[in-house]
$ cat upload.cif   # mmCIF, C-alpha atoms and all ligand atoms
data_upload
loop_
_atom_site.group_PDB
_atom_site.id
_atom_site.type_symbol
_atom_site.label_atom_id
_atom_site.label_comp_id
_atom_site.auth_asym_id
_atom_site.auth_seq_id
_atom_site.Cartn_x
_atom_site.Cartn_y
_atom_site.Cartn_z
ATOM 1 C CA MET A 1 105.217 75.384 89.180
ATOM 2 C CA ASP A 2 105.141 78.175 91.758
ATOM 3 C CA GLN A 3 106.602 77.000 95.066
ATOM 4 C CA ILE A 4 106.707 78.718 98.431
ATOM 5 C CA LYS A 5 109.880 77.510 100.077
ATOM 6 C CA GLN A 6 110.612 80.225 102.641
ATOM 7 C CA VAL A 7 107.950 81.625 104.948
ATOM 8 C CA ALA A 8 108.485 84.296 107.607
ATOM 9 C CA ILE A 9 105.980 85.061 110.365
ATOM 10 C CA VAL A 10 106.592 88.568 111.679
ATOM 11 C CA GLY A 11 105.348 89.854 115.030
ATOM 12 C CA GLY A 12 105.747 93.138 116.816
ATOM 13 C CA VAL A 13 106.134 95.517 113.886
ATOM 14 C CA HIS A 14 104.134 97.729 116.223
ATOM 15 C CA GLY A 15 105.527 97.466 119.760
ATOM 16 C CA ASN A 16 102.223 97.793 121.617
ATOM 17 C CA GLU A 17 100.330 95.179 119.576
ATOM 18 C CA PHE A 18 100.972 92.217 121.821
ATOM 19 C CA SER A 19 99.300 89.233 120.130
ATOM 20 C CA GLY A 20 101.874 88.818 117.375
ATOM 21 C CA ILE A 21 104.803 89.197 119.773
ATOM 22 C CA TYR A 22 103.462 86.502 122.087
ATOM 23 C CA LEU A 23 102.289 84.258 119.259
ATOM 24 C CA ILE A 24 105.749 84.091 117.674
ATOM 25 C CA ARG A 25 107.215 83.357 121.140
ATOM 26 C CA HIS A 26 104.748 80.487 121.426
ATOM 27 C CA TYR A 27 105.775 79.238 117.987
ATOM 28 C CA GLN A 28 109.462 79.507 118.917
ATOM 29 C CA GLN A 29 108.843 77.331 121.979
ATOM 30 C CA GLN A 30 106.602 74.872 120.104
ATOM 31 C CA PRO A 31 107.898 74.887 116.516
ATOM 32 C CA GLN A 32 105.651 71.989 115.523
ATOM 33 C CA TRP A 33 102.916 74.601 115.008
ATOM 34 C CA ILE A 34 104.813 76.202 112.131
ATOM 35 C CA THR A 35 106.427 73.075 110.739
ATOM 36 C CA ARG A 36 105.164 71.762 107.399
ATOM 37 C CA SER A 37 107.009 69.383 105.082
ATOM 38 C CA SER A 38 107.097 71.576 101.971
ATOM 39 C CA PHE A 39 108.616 74.812 103.292
ATOM 40 C CA GLN A 40 110.852 76.398 105.908
ATOM 41 C CA CYS A 41 109.258 78.806 108.354
ATOM 42 C CA GLN A 42 111.017 81.341 110.569
ATOM 43 C CA THR A 43 109.699 83.825 113.125
ATOM 44 C CA ILE A 44 110.876 87.445 113.291
ATOM 45 C CA TRP A 45 110.388 90.022 116.045
ATOM 46 C CA ALA A 46 110.419 93.203 114.028
ATOM 47 C CA ASN A 47 110.622 96.049 116.546
ATOM 48 C CA PRO A 48 111.810 94.965 120.026
ATOM 49 C CA GLU A 49 112.855 98.489 121.047
ATOM 50 C CA ALA A 50 109.356 99.844 120.519
ATOM 51 C CA HIS A 51 107.953 96.971 122.580
ATOM 52 C CA HIS A 52 110.413 97.631 125.417
ATOM 53 C CA ALA A 53 109.265 101.265 125.363
ATOM 54 C CA ASN A 54 105.638 100.050 125.282
ATOM 55 C CA LYS A 55 104.984 102.162 122.192
ATOM 56 C CA ARG A 56 103.813 101.623 118.641
ATOM 57 C CA TYR A 57 107.184 102.962 117.444
ATOM 58 C CA LEU A 58 110.115 105.052 118.687
ATOM 59 C CA HIS A 59 110.646 107.540 115.841
ATOM 60 C CA SER A 60 108.343 106.648 112.972
ATOM 61 C CA ASP A 61 105.884 103.929 112.044
ATOM 62 C CA LEU A 62 107.906 100.860 110.975
ATOM 63 C CA ASN A 63 104.996 99.659 108.860
ATOM 64 C CA ARG A 64 105.330 102.736 106.610
ATOM 65 C CA GLN A 65 109.044 102.331 105.760
ATOM 66 C CA PHE A 66 109.065 99.670 103.058
ATOM 67 C CA LYS A 67 108.717 101.552 99.793
ATOM 68 C CA THR A 68 111.536 100.383 97.545
ATOM 69 C CA ALA A 69 112.814 103.951 97.102
ATOM 70 C CA ASP A 70 112.816 104.582 100.859
ATOM 71 C CA LEU A 71 114.722 101.360 101.560
ATOM 72 C CA ALA A 72 117.420 102.639 99.178
ATOM 73 C CA ASN A 73 117.525 106.141 100.663
ATOM 74 C CA PRO A 74 120.455 106.452 103.131
ATOM 75 C CA ASN A 75 119.077 109.738 104.484
ATOM 76 C CA LEU A 76 116.198 107.845 106.107
ATOM 77 C CA SER A 77 118.113 106.637 109.145
ATOM 78 C CA ASN A 78 116.069 106.969 112.330
ATOM 79 C CA TYR A 79 115.485 103.828 114.409
ATOM 80 C CA GLU A 80 112.564 102.387 112.433
ATOM 81 C CA GLN A 81 113.994 103.471 109.078
ATOM 82 C CA SER A 82 117.204 101.658 109.996
ATOM 83 C CA ARG A 83 115.271 98.597 111.213
ATOM 84 C CA ALA A 84 113.470 98.505 107.865
ATOM 85 C CA LYS A 85 116.800 98.348 106.056
ATOM 86 C CA VAL A 86 118.027 95.545 108.337
ATOM 87 C CA LEU A 87 114.809 93.577 107.802
ATOM 88 C CA ASN A 88 115.123 94.175 104.069
ATOM 89 C CA GLN A 89 118.604 92.596 104.196
ATOM 90 C CA GLN A 90 117.372 89.724 106.332
ATOM 91 C CA LEU A 91 114.125 88.848 104.542
ATOM 92 C CA GLY A 92 114.328 90.641 101.192
ATOM 93 C CA PRO A 93 115.654 92.405 99.320
ATOM 94 C CA LYS A 94 112.303 93.751 98.232
ATOM 95 C CA GLY A 95 111.712 92.929 94.576
ATOM 96 C CA ASN A 96 113.986 89.877 94.713
ATOM 97 C CA ALA A 97 113.204 88.510 98.149
ATOM 98 C CA LYS A 98 114.537 85.302 99.610
ATOM 99 C CA THR A 99 111.252 85.184 101.563
ATOM 100 C CA ASP A 100 108.486 83.713 99.424
ATOM 101 C CA LEU A 101 105.683 84.538 101.850
ATOM 102 C CA LEU A 102 105.703 87.066 104.676
ATOM 103 C CA ILE A 103 102.879 86.850 107.234
ATOM 104 C CA ASP A 104 102.764 90.043 109.304
ATOM 105 C CA LEU A 105 100.759 89.877 112.574
ATOM 106 C CA HIS A 106 98.951 92.975 113.868
ATOM 107 C CA ASN A 107 96.277 94.061 116.332
ATOM 108 C CA THR A 108 93.684 96.766 116.021
ATOM 109 C CA THR A 109 91.671 98.413 118.785
ATOM 110 C CA SER A 110 88.713 98.356 116.370
ATOM 111 C CA ASN A 111 86.091 95.623 116.402
ATOM 112 C CA MET A 112 87.345 93.942 113.234
ATOM 113 C CA GLY A 113 87.606 90.293 114.258
ATOM 114 C CA ALA A 114 90.139 88.260 112.304
ATOM 115 C CA CYS A 115 90.980 90.062 109.092
ATOM 116 C CA LEU A 116 93.230 88.783 106.301
ATOM 117 C CA ILE A 117 94.552 91.848 104.480
ATOM 118 C CA LEU A 118 95.843 91.437 100.942
ATOM 119 C CA THR A 119 97.927 94.228 99.415
ATOM 120 C CA GLN A 120 98.470 92.581 96.048
ATOM 121 C CA ALA A 121 96.155 90.795 93.631
ATOM 122 C CA GLY A 122 96.553 87.520 91.780
ATOM 123 C CA PRO A 123 95.699 83.817 91.725
ATOM 124 C CA PHE A 124 97.723 82.880 94.821
ATOM 125 C CA TYR A 125 95.971 85.508 96.913
ATOM 126 C CA ASN A 126 92.549 84.660 95.524
ATOM 127 C CA GLN A 127 92.951 80.983 96.382
ATOM 128 C CA LEU A 128 94.372 81.803 99.813
ATOM 129 C CA ALA A 129 91.435 84.100 100.548
ATOM 130 C CA ALA A 130 88.906 81.489 99.444
ATOM 131 C CA TYR A 131 90.613 78.792 101.521
ATOM 132 C CA VAL A 132 90.845 80.873 104.702
ATOM 133 C CA LYS A 133 87.225 82.013 104.398
ATOM 134 C CA MET A 134 86.103 78.414 103.761
ATOM 135 C CA GLN A 135 87.938 77.110 106.843
ATOM 136 C CA MET A 136 87.109 80.093 109.021
ATOM 137 C CA PRO A 137 83.792 81.610 107.935
ATOM 138 C CA GLU A 138 84.030 84.401 110.496
ATOM 139 C CA ALA A 139 87.239 85.645 108.854
ATOM 140 C CA ILE A 140 87.109 88.901 106.942
ATOM 141 C CA ILE A 141 88.976 89.234 103.657
ATOM 142 C CA SER A 142 90.246 92.735 102.940
ATOM 143 C CA ARG A 143 91.796 93.993 99.719
ATOM 144 C CA ASP A 144 93.886 97.019 100.662
ATOM 145 C CA GLU A 145 94.981 99.137 97.672
ATOM 146 C CA ASP A 146 95.985 96.010 95.791
ATOM 147 C CA HIS A 147 96.117 98.037 92.559
ATOM 148 C CA ILE A 148 99.312 99.739 93.764
ATOM 149 C CA ALA A 149 102.583 98.102 92.686
ATOM 150 C CA ALA A 150 104.429 96.339 95.497
ATOM 151 C CA GLN A 151 107.440 98.640 95.174
ATOM 152 C CA ASP A 152 105.249 101.637 96.013
ATOM 153 C CA HIS A 153 103.640 99.985 99.036
ATOM 154 C CA ALA A 154 105.084 101.031 102.392
ATOM 155 C CA LEU A 155 103.821 98.029 104.373
ATOM 156 C CA MET A 156 106.253 95.453 105.724
ATOM 157 C CA CYS A 157 104.371 92.493 104.234
ATOM 158 C CA THR A 158 105.202 93.775 100.725
ATOM 159 C CA LEU A 159 108.845 92.890 101.392
ATOM 160 C CA GLY A 160 108.191 89.232 100.592
ATOM 161 C CA ARG A 161 107.529 87.795 97.141
ATOM 162 C CA TYR A 162 104.069 87.273 98.550
ATOM 163 C CA GLY A 163 102.884 88.975 101.701
ATOM 164 C CA VAL A 164 99.753 89.204 103.817
ATOM 165 C CA LEU A 165 98.758 90.995 106.974
ATOM 166 C CA VAL A 166 96.774 89.293 109.740
ATOM 167 C CA GLU A 167 94.923 92.054 111.618
ATOM 168 C CA VAL A 168 92.918 91.012 114.684
ATOM 169 C CA GLY A 169 90.832 92.992 117.141
ATOM 170 C CA PRO A 170 89.392 94.464 119.192
ATOM 171 C CA GLN A 171 92.334 94.566 121.552
ATOM 172 C CA PRO A 172 93.508 97.603 123.511
ATOM 173 C CA GLN A 173 97.128 98.592 123.009
ATOM 174 C CA SER A 174 99.555 96.736 125.318
ATOM 175 C CA VAL A 175 96.909 94.191 126.317
ATOM 176 C CA LEU A 176 96.610 90.474 125.553
ATOM 177 C CA ARG A 177 93.126 89.060 124.990
ATOM 178 C CA HIS A 178 92.688 85.300 124.821
ATOM 179 C CA ASP A 179 89.927 85.466 122.197
ATOM 180 C CA VAL A 180 92.036 87.714 119.959
ATOM 181 C CA MET A 181 95.101 85.487 120.333
ATOM 182 C CA ASP A 182 93.001 82.468 119.455
ATOM 183 C CA LEU A 183 91.743 84.100 116.248
ATOM 184 C CA MET A 184 95.255 85.161 115.224
ATOM 185 C CA HIS A 185 96.626 81.668 115.853
ATOM 186 C CA ARG A 186 93.819 79.992 113.909
ATOM 187 C CA MET A 187 94.113 82.294 110.900
ATOM 188 C CA THR A 188 97.897 81.851 110.829
ATOM 189 C CA GLN A 189 97.504 78.082 110.940
ATOM 190 C CA HIS A 190 95.047 78.150 108.032
ATOM 191 C CA ILE A 191 97.500 80.228 105.991
ATOM 192 C CA LEU A 192 100.326 77.763 106.675
ATOM 193 C CA ASP A 193 98.025 74.835 105.848
ATOM 194 C CA PHE A 194 97.095 76.493 102.568
ATOM 195 C CA VAL A 195 100.754 76.949 101.622
ATOM 196 C CA GLN A 196 101.366 73.254 102.257
ATOM 197 C CA LEU A 197 98.409 72.338 100.011
ATOM 198 C CA TYR A 198 99.513 74.851 97.374
ATOM 199 C CA ASN A 199 103.055 73.501 97.292
ATOM 200 C CA THR A 200 101.916 69.899 97.040
ATOM 201 C CA ASN A 201 99.274 70.624 94.413
ATOM 202 C CA THR A 202 96.520 69.342 96.699
ATOM 203 C CA VAL A 203 94.415 72.466 97.210
ATOM 204 C CA PRO A 204 90.828 71.213 97.666
ATOM 205 C CA ASN A 205 87.896 72.501 95.651
ATOM 206 C CA LEU A 206 87.373 76.085 96.742
ATOM 207 C CA PRO A 207 84.280 78.281 96.592
ATOM 208 C CA LYS A 208 84.103 80.101 93.259
ATOM 209 C CA GLN A 209 83.048 83.294 94.984
ATOM 210 C CA THR A 210 84.388 84.761 98.226
ATOM 211 C CA GLU A 211 83.096 87.942 99.811
ATOM 212 C CA ALA A 212 85.718 90.606 100.484
ATOM 213 C CA PHE A 213 86.004 94.296 101.290
ATOM 214 C CA ARG A 214 88.024 96.667 99.157
ATOM 215 C CA TYR A 215 89.568 99.817 100.600
ATOM 216 C CA LEU A 216 88.272 103.081 99.132
ATOM 217 C CA THR A 217 89.392 105.951 101.335
ATOM 218 C CA SER A 218 89.965 107.095 104.907
ATOM 219 C CA ILE A 219 88.015 109.859 106.602
ATOM 220 C CA LYS A 220 89.142 112.160 109.391
ATOM 221 C CA LEU A 221 87.474 113.427 112.514
ATOM 222 C CA PRO A 222 86.061 116.949 112.183
ATOM 223 C CA VAL A 223 88.557 119.534 113.512
ATOM 224 C CA ASN A 224 88.688 123.323 113.705
ATOM 225 C CA GLU A 225 91.402 125.554 112.240
ATOM 226 C CA GLN A 226 93.580 124.965 115.309
ATOM 227 C CA GLY A 227 93.325 121.227 114.752
ATOM 228 C CA GLU A 228 91.140 120.683 117.808
ATOM 229 C CA ARG A 229 88.496 118.012 117.518
ATOM 230 C CA LEU A 230 84.932 119.183 117.082
ATOM 231 C CA GLY A 231 83.311 115.818 117.611
ATOM 232 C CA MET A 232 83.699 112.067 117.842
ATOM 233 C CA VAL A 233 82.660 108.942 115.989
ATOM 234 C CA HIS A 234 78.887 108.577 116.287
ATOM 235 C CA LYS A 235 77.642 105.858 118.635
ATOM 236 C CA ASN A 236 75.683 104.249 115.796
ATOM 237 C CA VAL A 237 78.985 103.558 114.015
ATOM 238 C CA GLN A 238 81.196 102.663 116.984
ATOM 239 C CA ASP A 239 82.205 98.952 116.962
ATOM 240 C CA LYS A 240 80.178 98.383 113.754
ATOM 241 C CA ASP A 241 83.125 97.550 111.555
ATOM 242 C CA TYR A 242 81.920 96.093 108.207
ATOM 243 C CA HIS A 243 78.308 97.149 108.858
ATOM 244 C CA PRO A 244 76.886 99.123 105.925
ATOM 245 C CA ILE A 245 76.716 102.908 106.020
ATOM 246 C CA HIS A 246 74.094 104.361 103.695
ATOM 247 C CA ARG A 247 73.629 107.916 102.500
ATOM 248 C CA GLY A 248 72.115 109.916 105.361
ATOM 249 C CA ASP A 249 73.447 107.699 108.169
ATOM 250 C CA PRO A 250 75.222 109.530 111.032
ATOM 251 C CA LEU A 251 79.043 109.477 111.074
ATOM 252 C CA PHE A 252 80.090 111.988 113.732
ATOM 253 C CA SER A 253 78.507 113.453 116.841
ATOM 254 C CA LEU A 254 79.635 117.061 117.335
ATOM 255 C CA PHE A 255 80.270 118.567 120.766
ATOM 256 C CA ASP A 256 77.885 121.422 119.911
ATOM 257 C CA GLY A 257 75.054 118.900 119.567
ATOM 258 C CA GLY A 258 75.164 118.608 115.794
ATOM 259 C CA VAL A 259 75.595 115.476 113.703
ATOM 260 C CA ILE A 260 77.577 114.951 110.494
ATOM 261 C CA TYR A 261 75.922 112.492 108.120
ATOM 262 C CA TYR A 262 77.377 110.345 105.362
ATOM 263 C CA GLU A 263 76.631 112.033 102.053
ATOM 264 C CA GLY A 264 78.182 109.609 99.581
ATOM 265 C CA GLU A 265 76.030 108.026 96.887
ATOM 266 C CA ASN A 266 77.229 104.468 97.411
ATOM 267 C CA THR A 267 76.854 102.239 100.455
ATOM 268 C CA VAL A 268 80.204 101.805 102.200
ATOM 269 C CA TYR A 269 81.566 99.528 104.907
ATOM 270 C CA PRO A 270 83.760 101.051 107.636
ATOM 271 C CA THR A 271 86.903 99.488 109.142
ATOM 272 C CA PHE A 272 89.458 100.676 111.697
ATOM 273 C CA ILE A 273 86.668 102.640 113.374
ATOM 274 C CA ASN A 274 88.186 104.855 116.088
ATOM 275 C CA GLU A 275 91.504 102.967 115.882
ATOM 276 C CA ALA A 276 93.608 104.206 118.812
ATOM 277 C CA ALA A 277 96.858 104.149 116.834
ATOM 278 C CA TYR A 278 95.560 106.825 114.481
ATOM 279 C CA TYR A 279 95.176 109.449 117.222
ATOM 280 C CA ASP A 280 98.052 111.487 115.783
ATOM 281 C CA ASN A 281 96.476 112.027 112.380
ATOM 282 C CA ASN A 282 92.810 112.225 113.423
ATOM 283 C CA LEU A 283 91.771 109.325 111.192
ATOM 284 C CA ALA A 284 88.246 108.285 112.134
ATOM 285 C CA MET A 285 87.780 105.185 109.967
ATOM 286 C CA SER A 286 88.461 103.626 106.575
ATOM 287 C CA LEU A 287 85.631 103.174 104.094
ATOM 288 C CA ASN A 288 85.392 100.087 101.898
ATOM 289 C CA GLU A 289 83.188 98.642 99.207
ATOM 290 C CA LYS A 290 81.997 95.045 99.185
ATOM 291 C CA VAL A 291 83.512 92.972 96.386
ATOM 292 C CA ILE A 292 83.570 89.346 95.318
ATOM 293 C CA ILE A 293 86.806 87.433 94.752
ATOM 294 C CA GLU A 294 86.177 85.060 91.858
ATOM 295 C CA LEU A 295 88.050 81.862 91.139
ATOM 296 C CA PRO A 296 88.077 80.450 87.592
HETATM 297 ZN ZN ZN B 301 99.906 97.166 113.650
#
$ encode --input "upload.cif" --output "structure tokens" --more "lines below"
Ligand SMILES: [Zn+2]
Amino acid sequence: MDQIKQVAIVGGVHGNEFSGIYLIRHYQQQPQWITRSSFQCQTIWANPEAHHANKRYLHSDLNRQFKTADLANPNLSNYEQSRAKVLNQQLGPKGNAKTDLLIDLHNTTSNMGACLILTQAGPFYNQLAAYVKMQMPEAIISRDEDHIAAQDHALMCTLGRYGVLVEVGPQPQSVLRHDVMDLMHRMTQHILDFVQLYNTNTVPNLPKQTEAFRYLTSIKLPVNEQGERLGMVHKNVQDKDYHPIHRGDPLFSLFDGGVIYYEGENTVYPTFINEAAYYDNNLAMSLNEKVIIELP
């Protein structure tokens, strides 16, 4: 039977996302919160240097350095690329990891609430999603490119044999919000509780169907040939993460007074709307479809 013996809770992959950094400190001071009888749980502060600099990263985004090929490439050696290799030694190695489950804690400036992001598919993830949603109905379940093999995923959580991302917002960069911390703590506790139930073969009856959102694509802000922005996210969309966008709905308000409308055939659901961390690549939002996670 599948057993999860080693769990790692990772905070501070991004140095200016404060909730995870402070939550793992809290867990270090009060380890009873992460203690369960059926597994070991450790806490990891992934990128202290970026936090001390009060930045998302120093040289490159740590949460984009975990493709198996990149971890093996000695030419990738800036600070975050080197940190990724150290973390791979400590928690991995990816593909044969000593960590059975990696829980990676993040914040978003977008109005996304408490979001459990799954980057792989399978029965463990489906049961986990159903359990978390049952215990915490306000939680959002997100399936992020879970058709891509783990080795080709660049996210830190794919280092573990299993891995999930807890993404909570809205929280400005370098700020701590009590409500956001509370959501992150509660979702993390439900994940740990589920692992205990899973290991002891005592998972309760779960809903057969759980609503989730599946990532489709990301769209960029309109820019001119010099790369200057021509507009901003439309006020009808701002803060409306997970609200449906239908064909003909406004997406962007242009500085010249114009509006860009959504022209896709299918209704989509936006996430990471106006996320501050994506300023450098002009990403405006991700678009998702609504899906159902089915249990047998
Ligand atoms: Zn992050």
$ closest_atom_pairs --input "upload.cif" --of "segment 148-258 of chain A" --to "segment 10-28 of chain A" --cutoff "12 Å" --atoms "all atoms listed in the file" --output "tab-separated table"
residue	atom	partner	partner_atom	distance
A:Leu155	CA	A:Val13	CA	10.1
A:Met156	CA	A:Val13	CA	8.2
A:Cys157	CA	A:Val10	CA	8.7
A:Leu159	CA	A:Val10	CA	11.4
A:Gly160	CA	A:Val10	CA	11.2
A:Gly163	CA	A:Val10	CA	10.7
A:Val164	CA	A:Val10	CA	10.4
A:Leu165	CA	A:Val10	CA	9.5
A:Val166	CA	A:Gly20	CA	9.2
A:Glu167	CA	A:Gly20	CA	9.6
A:Val168	CA	A:Ser19	CA	8.6
A:Gly169	CA	A:Ser19	CA	9.7
A:Pro170	CA	A:Glu17	CA	11.0
A:Gln171	CA	A:Glu17	CA	8.3
A:Pro172	CA	A:Glu17	CA	8.2
A:Gln173	CA	A:Asn16	CA	5.3
A:Ser174	CA	A:Asn16	CA	4.7
A:Val175	CA	A:Phe18	CA	6.4
A:Leu176	CA	A:Phe18	CA	6.0
A:Arg177	CA	A:Ser19	CA	7.9
A:His178	CA	A:Ser19	CA	9.0
A:Asp179	CA	A:Ser19	CA	10.3
A:Val180	CA	A:Ser19	CA	7.4
A:Met181	CA	A:Ser19	CA	5.6
A:Asp182	CA	A:Ser19	CA	9.3
A:Leu183	CA	A:Ser19	CA	9.9
A:Met184	CA	A:Ser19	CA	7.6
A:His185	CA	A:Leu23	CA	7.1
A:Arg186	CA	A:Leu23	CA	10.9
A:Met187	CA	A:Leu23	CA	11.9
A:Thr188	CA	A:Leu23	CA	9.8
A:Gln189	CA	A:Tyr27	CA	10.9
$ residues_around --input "upload.cif" --residues "Tyr57 of chain A" --least-positions-apart "2" --cutoff "12 Å" --atoms "all atoms listed in the file" --output "list in words"
Gly12, Val13, His14, Gly15, Asn16, Glu17, Ala46, Asn47, Pro48, Glu49, Ala50, His51, His52, Ala53, Asn54, Lys55, His59, Ser60, Asp61, Leu62, Asn63, Arg64, Gln65, Asn78, Tyr79, Glu80, Gln81, Arg83 and Ala277 of chain A
$ resolve_selection --input "upload.cif" --expression "the PyMOL selection byres (((chain A and resi 135) around 12) and not hetatm)" --output "count of residues only"
23
$ resolve_selection --input "upload.cif" --expression "the PyMOL selection byres (((chain A and resi 92-102) around 6) and not hetatm)" --output "list of chain:residue names"
A:Ile4, A:Gln6, A:Val7, A:Ala8, A:Asn88, A:Gln89, A:Leu91, A:Ile103, A:Cys157, A:Leu159, A:Gly160, A:Arg161, A:Tyr162, A:Gly163
$ closest_residue --input "upload.cif" --among "A:Thr267, A:Ser110, A:Thr217, A:Gln209" --to "ligand ZN 301 (chain B)" --atoms "all atoms listed in the file"
A:Ser110
$ atom_distance --input "upload.cif" --atom1 "atom CA of Val268 of chain A" --atom2 "atom CA of Leu283 of chain A"
16.5 Å
$ residues_around --input "upload.cif" --residues "Thr200 of chain A" --least-positions-apart "3" --cutoff "9 Å" --atoms "only C-alpha atoms" --output "PyMOL selection string"
chain A and resi 3+38+195-197+203
$ write_last_selection --input "upload.cif" --atoms "C-alpha atoms" --output "CSV table (one decimal), in the coordinates of the input"
chain,number,residue,atom,x,y,z
A,3,GLN,CA,106.6,77.0,95.1
A,38,SER,CA,107.1,71.6,102.0
A,195,VAL,CA,100.8,76.9,101.6
A,196,GLN,CA,101.4,73.3,102.3
A,197,LEU,CA,98.4,72.3,100.0
A,203,VAL,CA,94.4,72.5,97.2
$ atom_distance --input "upload.cif" --atom1 "atom CA of Asn205 of chain A" --atom2 "atom CA of Pro296 of chain A"
11.3 Å
$ axis_aligned_box --input "upload.cif" --around "segment 104-115 of chain A" --padding-each-side "4 Å" --output "JSON"
{"center_x": 94.4, "center_y": 93.3, "center_z": 113.9, "size_x": 24.7, "size_y": 18.2, "size_z": 17.7}
$ residues_around --input "upload.cif" --residues "Glu145 of chain A" --least-positions-apart "4" --cutoff "9 Å" --atoms "all atoms listed in the file" --output "ChimeraX atom specification"
/A:118-120,153,214-216
$ closest_residue --input "upload.cif" --among "A:Asn199, A:Gln42, A:Thr68, A:Ser82" --to "Ala149 of chain A" --atoms "all atoms listed in the file"
A:Thr68
$ closest_residue --input "upload.cif" --among "A:Arg229, A:Lys85, A:His246, A:Lys5" --to "Gln40 of chain A" --atoms "all atoms listed in the file"
A:Lys5
$ atom_distance --input "upload.cif" --atom1 "atom CA of Trp33 of chain A" --atom2 "atom CA of Leu192 of chain A"
9.3 Å
$ closest_residue --input "upload.cif" --among "A:Asp280, A:Asp70, A:Glu211, A:Asp104" --to "Ser142 of chain A" --atoms "all atoms listed in the file"
A:Glu211
$ decode --input "upload.cif" --residues "segment 165-188 of chain A" --atoms "C-alpha atoms" --output "short mmCIF file (atom, residue, chain, number, x, y, z; two decimals), in the first residue's frame"
data_model
loop_
_atom_site.label_atom_id
_atom_site.label_comp_id
_atom_site.auth_asym_id
_atom_site.auth_seq_id
_atom_site.Cartn_x
_atom_site.Cartn_y
_atom_site.Cartn_z
CA LEU A 165 1.26 24.16 -4.11
CA VAL A 166 -0.80 26.16 -1.61
CA GLU A 167 -1.40 29.58 -3.18
CA VAL A 168 -3.22 32.16 -1.05
CA GLY A 169 -4.23 35.75 -1.72
CA PRO A 170 -4.84 38.57 -2.07
CA GLN A 171 -1.74 39.73 -0.25
CA PRO A 172 0.59 42.51 -1.39
CA GLN A 173 4.24 41.56 -1.73
CA SER A 174 6.21 41.87 1.54
CA VAL A 175 3.04 42.19 3.61
CA LEU A 176 1.46 39.81 6.13
CA ARG A 177 -2.34 39.64 6.26
CA HIS A 178 -3.98 37.77 9.12
CA ASP A 179 -6.85 36.47 6.98
CA VAL A 180 -4.44 35.14 4.35
CA MET A 181 -2.23 33.49 6.98
CA ASP A 182 -5.29 31.87 8.51
CA LEU A 183 -6.35 30.38 5.17
CA MET A 184 -2.85 29.07 4.45
CA HIS A 185 -2.61 27.49 7.90
CA ARG A 186 -6.03 25.85 7.62
CA MET A 187 -5.40 24.42 4.15
CA THR A 188 -2.00 23.08 5.24
#
